[in-house]
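> So that we are looking at the same thing, I have put the structure below in structure tokens.
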Amino acid sequence: MSTPQESPAIAFGRRYWPVILLALLPLIPLYRALLMGEAIGPFDQIRQMAPWNGAKPAQPWDVLQADGVLQFYVWRDMVFDAWGKGQMPFWNSYQLAGTPLMANSQSGAFYPPHILMGLLHVPTATAMSLLAWFHLFWAGLGTYAFCRTLGAKKLGAYLGGASFSLSTFMIAWTGLPSVIETVSWIPWVLAGVMALFEYNPLLVRLGLASEPSYFDDVRAAVKKEVSSMRRYTHITLGLALAIAMMVLAGHLQFVAYGSMATALFLAWLLGTRRTPIKNSSISRYSIGPGDPPGGDRIPEEVSASVEKATLAALNPVLGSTLRVVLAAVLGLCIAAPQLLSVLNYSQFSHRRNTATDTGYEAYIGGSIEKYELAKLVVPSIQGNPRQAATDQAPLSTYYPSILKPGANFAESAIGIGGFTLVLLCFLPLLAKFRDPIWGVIVFGAFGILLAMGTPLNKLLYFGVPGWSSTGSPGRAICLFVLAACVGTAIAISRLEDLKHMIGDRAPKFLFSIAAFVLILIAVGALKDTYPLRQGLTADLIDGLKKQAEAGALSSGIGITLLAIMAVLLATYEQTLRSKALLVAVPILSCLAFFGASLVQTGTPGLKVENKINFERIAPINGSWNFFQAPKAILPPNLAALNRIHSLDGYDSLMHRDTVAMLQDVDGVDRGAAPP
């Protein structure tokens with residue numbers, strides 16, 4: 001009696017369900033852009049200014065997110081337009097009386113997805129929404145692939161990818177696309193490195209060769225080794241492409257963080273990988289003149305192949321390392337046309353400065369403060385930057401923005417939630433010292449130490465040329481968030497081991513529970529340790545705190561209890577019910593912590609009637625403010641969006657002579673890094 005065959009659709013779904021779900025998850029934060037036809041960016045905030053003079057929106061002003069329209073939307077529009085016309089996007093002739101476009105790294109002029117959108121003539125707003133979906137999905141899929149190379153099961157790898165894709169860090173930075181575009185390639189780079197170190201089938205195959213069929217075994221092993229080397233080549237080329245794409249995506253600060261994570265992970269692998277050739281039966285195969293077992297002479301071509309294969313196998317760690325180095329060099333060569341242009345122009349940047357003690361103190365001021373660690377467990381505990389505070393306009397309920405000058409929710413998006421935190425506490429029980437996951441924990445710890453403003457930053461600030469010109473050190477938290485999500489995947493994949501520990505009443509299990517409780521107590525105690533700046537009152541902060549915590553505590557406690565229940569249920573039973581609950585946890589966490597409303601969207605209609613032709617204009621706009629929209633005649637850079645030649649504008653990379661000229665016009669020395 002034959003069993004009924006599974007339909008192709010069901011078989012496909014059963015095999016690729018993690019990929020399908022990871023592709024659907026970005027719909028949660030991007031539903032307004034992808035399903036309702038809106039564009040990503042605070043367009044309503046910009047439209048309230050002249051010349052449109054629209055209604056004042058209900059959401060609070062966010063000066064960082066405004067860059068999503070005033071910089072990125074304009075840059076993308078010009079890059080897409082140039083490629084659509086078959087031109088190279090070298091120059092922006094509409095802003096600052098002309099300024100480089102390609103040499104501004106964050107324009108991503110040569111980034112292949114941008115080229116594709118331009119060649120296909122996809123409208124700018126639609127293209128940016130599609131690119132945001134793709135890179136959130138790509139970040140999740142890359143984390144999934146990395147977790148699989150580390151040995152995670154499908155369910156665990158999915159949870160790692162979903163947690164990273166829906167993390168508050170990735171969603172909060174979606175409006176500034178160069179960040180998520182760059183970060184989305186970091187897990188792919190790490191996955192490529194791990195794949196090169198783990199894939200070494202030659203030793204296993206040669207070790208399995210049997211004496212009676214010596215020549216057949218050798219020939220088969222050599223034949224398979226040819227296939228293996230081809231796969232090695234494919235992985236090396238894939239790693240090179242991932243490195244090139246990470247650089248071309250444009251945010252060089254995050255390229256640096258990705259490179260540091262890769263270097264630390266590689267160092268861990270080099271320090272812990274053992275050469276399996278020791279005591280191997282490979283010594284049974286003769287190299288050079290000699291006879292094999294049985295007395296028959298080894299054919300010359302077989303002997304040469306075995307010699308090469310054996311020498312490669314004797315140093316698999318060295319071979320893998322050389323392939324990583326080769327991939328890095330090749331990747332940088334691919335990205336060189338854009339990268340070299342950016343590095344050359346940066347020599348004249350207005351941000352280029354000499355590292356000083358005073359500058360270092362200002363730089364460290366952007367690090368994550370201890371009281372912000374409360375967001376580890378409940379990402380929304382300190383308020384929602386999209387929710388206006390009651391009776392305290394124009395402030396939002398996100399009160400760190402007034403405790404720390406320039407603070408922004410995205411700059412300190414450390415939240416990983418109770419689900420991930422619980423599993424991280426169990427991870428030390430489930431991973432041996434030489435396990436590659438500890439290499440991930442190393443770069444995750446490095447990331448949080450940088451983000452918290454520890455002395456590690458001093459080594460970078462004073463030791464790395466140009467580092468003093470980079471943005472907030474709090475952004476290094478991306479490495480911690482990625483490492484935490486990968487740790488989640490590994491822990492979920494090893495819950496069977498945890499079950500045995502609970503059954504054996506191992507005291508180590510209680511230590512992990514105690515560690516989780518201590519973390520909760522510590523972050524609870526730290527959340528009120530903020531200092532009050534001059535001009536602030538305790539009543540003002542207390543009022544904002546009450547609004548921020550009103551719904552956050554209940555949702556945080558609920559999600560944390562649900563996470564613990566899901567982990568315990570999955571530990572004791574591997575059923576569809578327990579798996580479905582685990583699959584739902586990242587989705588419910590995202591919804592509970594305002595992930596669906598964090599990305600600002602609106603209608604992009606910012607066109608103005610252009611009767612100026614080739615004459616230049618010089619709009620004089622009002623001062624910009626952290627807390628409320630400025631009075632503007634024409635917001636900077638939007639002249640370029642309308643293809644009007646303007647003398648004004650601002651850019652992440654401006655020529656120092658341009659800045660000096662503008663300061664001379666204003667009669668004010670604003671310094672290299674104005675507020």
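For the structure tokens, the naming scheme is as follows: chains receive sequential letters (A, B, ...) according to their order of presentation, residues are indexed from 1 within each chain, and ligands are indexed from 1 in presentation order.
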Residues within 10 Å of A:Ile519, please, as a CSV table (one decimal) with N, CA and C atoms, in the first residue's frame. Count only C-alpha atoms; anything in the same chain fewer than 3 positions from it doesn't count.


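Saved to result.csv:
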chain,number,residue,atom,x,y,z
A,373,LEU,N,19.8,51.4,30.3
A,373,LEU,CA,19.8,49.9,30.2
A,373,LEU,C,18.5,49.3,30.6
A,374,ALA,N,17.6,50.1,31.1
A,374,ALA,CA,16.2,49.6,31.4
A,374,ALA,C,15.5,49.1,30.1
A,376,LEU,N,16.8,47.3,27.9
A,376,LEU,CA,17.2,45.9,27.6
A,376,LEU,C,16.0,45.0,27.7
A,377,VAL,N,15.2,45.1,28.8
A,377,VAL,CA,14.1,44.2,29.1
A,377,VAL,C,12.8,44.7,28.4
A,421,LEU,N,16.6,37.8,26.6
A,421,LEU,CA,17.4,37.9,27.8
A,421,LEU,C,17.4,36.6,28.6
A,425,CYS,N,20.7,34.0,29.4
A,425,CYS,CA,21.1,33.6,30.7
A,425,CYS,C,21.3,32.0,30.7
A,514,ALA,N,18.9,32.8,38.6
A,514,ALA,CA,19.4,33.9,39.5
A,514,ALA,C,20.0,35.0,38.7
A,515,ALA,N,20.8,34.7,37.7
A,515,ALA,CA,21.4,35.7,36.8
A,515,ALA,C,20.3,36.6,36.2
A,516,PHE,N,19.2,35.9,35.7
A,516,PHE,CA,18.1,36.7,35.0
A,516,PHE,C,17.5,37.6,36.0
A,522,ALA,N,18.9,44.9,38.7
A,522,ALA,CA,19.9,45.9,38.4
A,522,ALA,C,19.4,47.0,37.5
A,523,VAL,N,18.7,46.6,36.4
A,523,VAL,CA,18.2,47.6,35.4
A,523,VAL,C,17.1,48.4,36.1
A,524,GLY,N,16.3,47.7,36.9
A,524,GLY,CA,15.2,48.4,37.7
A,524,GLY,C,15.8,49.5,38.6
A,525,ALA,N,16.9,49.2,39.2
A,525,ALA,CA,17.6,50.1,40.1
A,525,ALA,C,18.2,51.3,39.4

> Would you kindly return, as a PyMOL selection string, each protein, DNA or RNA residue with an atom no farther than 12 Å from any atom of A:Gln95, considering only C-alpha atoms and excluding same-chain residues fewer than 3 positions away?

chain A and resi 70-71+74-75+78+91-92+98-101+616-619+635-651+654+658

> Looking at A:Asp497, A:Glu615, A:Glu372, A:Glu411, which one is nearest to A:Ala431, with distances taken over only C-alpha atoms?

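Among the listed residues, the smallest separation from A:Ala431 belongs to A:Asp497.
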
> Where does DSSP see helix (DSSP H, G or I) in stretch 36-278 of chain A, if you list the residues as a PyMOL selection string?

chain A and resi 43-47+67-84+105-107+112-119+124-149+154-165+168-172+177-183+186-198+201-207+214-248+252-272

> Smallest atom-to-atom distance to A:Lys508: which of A:Val255, A:Ala563, A:Asn457, A:Leu429, using only C-alpha atoms?

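Ranked by minimum distance to A:Lys508, first place goes to A:Leu429.
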
> My list of candidates is A:Ala261, A:Ile40, A:Leu248, A:Ile20. Which is closest to A:Met102 when distances are computed with only C-alpha atoms?

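Looking only at the distances to A:Met102, the closest residue turns out to be A:Leu248.
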
> Could you check the closest approach to A:His500 for each of A:Ser178, A:Thr272, A:Thr571, A:Asn344 and tell me which residue wins, using only C-alpha atoms?

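Of the candidates, the smallest distance to A:His500 is held by A:Thr571.
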
> Given only C-alpha atoms as the basis, pick out the residue of A:Gly258, A:Gly406, A:Pro630, A:Gly175 nearest to A:Leu136.

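Ranking A:Gly258, A:Gly406, A:Pro630, A:Gly175 by distance to A:Leu136, first place goes to A:Gly175.
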
> Which is closer to A:Leu269 than all the others in A:Ile541, A:Leu252, A:Val317, A:Val69, using only C-alpha atoms?

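Closest to A:Leu269, using only C-alpha atoms: A:Val317.
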
> Within 12 Å of stretch 577-594 of chain A, which residues of stretch 493-549 of chain A show up? Give each one with its shortest atom-to-atom distance in Å (one decimal) and the two atoms involved, counting only C-alpha atoms, rows by chain then rising residue number, as a tab-separated table.


residue	atom	partner	partner_atom	distance
A:Ser493	CA	A:Lys579	CA	11.6
A:Ala548	CA	A:Phe593	CA	11.6
A:Glu549	CA	A:Phe593	CA	11.7

> Just C-alpha atoms for this one: save the residues we selected as a compact mmCIF listing (two decimals), in the first residue's frame.


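Result file part-v8.txt:
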# COMPACT_ATOMS: atom_id res chain seq x y z
CA SER A 493 18.35 24.73 19.40
CA ALA A 548 6.05 56.52 29.41
CA GLU A 549 5.63 53.73 31.93

> Within 12 Å of A:Gln48, counting only C-alpha atoms, which residues qualify if same-chain residues fewer than 2 places away don't, as a ChimeraX atom specification?

/A:42-46,50-58,61,605-606,628-635

> When you look at stretch 412-415 of chain A with a cut-off of 8 Å (counting only C-alpha atoms), what residues show up, excluding the ones that are within fewer than 5 positions of it in the same chain? I need them as a list of chain:residue names.

A:Ser167, A:Thr168, A:Phe169, A:Ala172, A:Ser367, A:Ile368, A:Glu372, A:Leu373, A:Lys375, A:Leu376, A:Val377, A:Val378, A:Pro379, A:Ala407, A:Gly474, A:Arg475, A:Ile477, A:Cys478, A:Val481

> Emit the selected residues as a PDB file, in the first residue's frame, including C-alpha atoms.


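selection_8.pdb, written as the output of this step:
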ATOM      1  CA  SER A 167      14.639  44.495  16.831  1.00  0.00           C
ATOM      2  CA  THR A 168      14.046  48.067  17.925  1.00  0.00           C
ATOM      3  CA  PHE A 169      17.509  48.909  16.562  1.00  0.00           C
ATOM      4  CA  ALA A 172      14.271  52.654  14.614  1.00  0.00           C
ATOM      5  CA  SER A 367      27.184  56.961  24.575  1.00  0.00           C
ATOM      6  CA  ILE A 368      24.375  54.977  26.189  1.00  0.00           C
ATOM      7  CA  GLU A 372      19.016  53.595  29.521  1.00  0.00           C
ATOM      8  CA  LEU A 373      19.813  49.918  30.237  1.00  0.00           C
ATOM      9  CA  LYS A 375      15.339  49.280  27.719  1.00  0.00           C
ATOM     10  CA  LEU A 376      17.150  45.927  27.631  1.00  0.00           C
ATOM     11  CA  VAL A 377      14.081  44.203  29.051  1.00  0.00           C
ATOM     12  CA  VAL A 378      11.309  46.626  28.065  1.00  0.00           C
ATOM     13  CA  PRO A 379      12.302  48.658  24.975  1.00  0.00           C
ATOM     14  CA  ALA A 407      19.618  61.880  22.577  1.00  0.00           C
ATOM     15  CA  GLY A 474      26.051  54.309  21.148  1.00  0.00           C
ATOM     16  CA  ARG A 475      25.568  52.990  17.608  1.00  0.00           C
ATOM     17  CA  ILE A 477      25.025  48.560  20.192  1.00  0.00           C
ATOM     18  CA  CYS A 478      24.140  46.960  16.826  1.00  0.00           C
ATOM     19  CA  VAL A 481      21.812  43.214  19.510  1.00  0.00           C
TER      20      VAL A 481
END
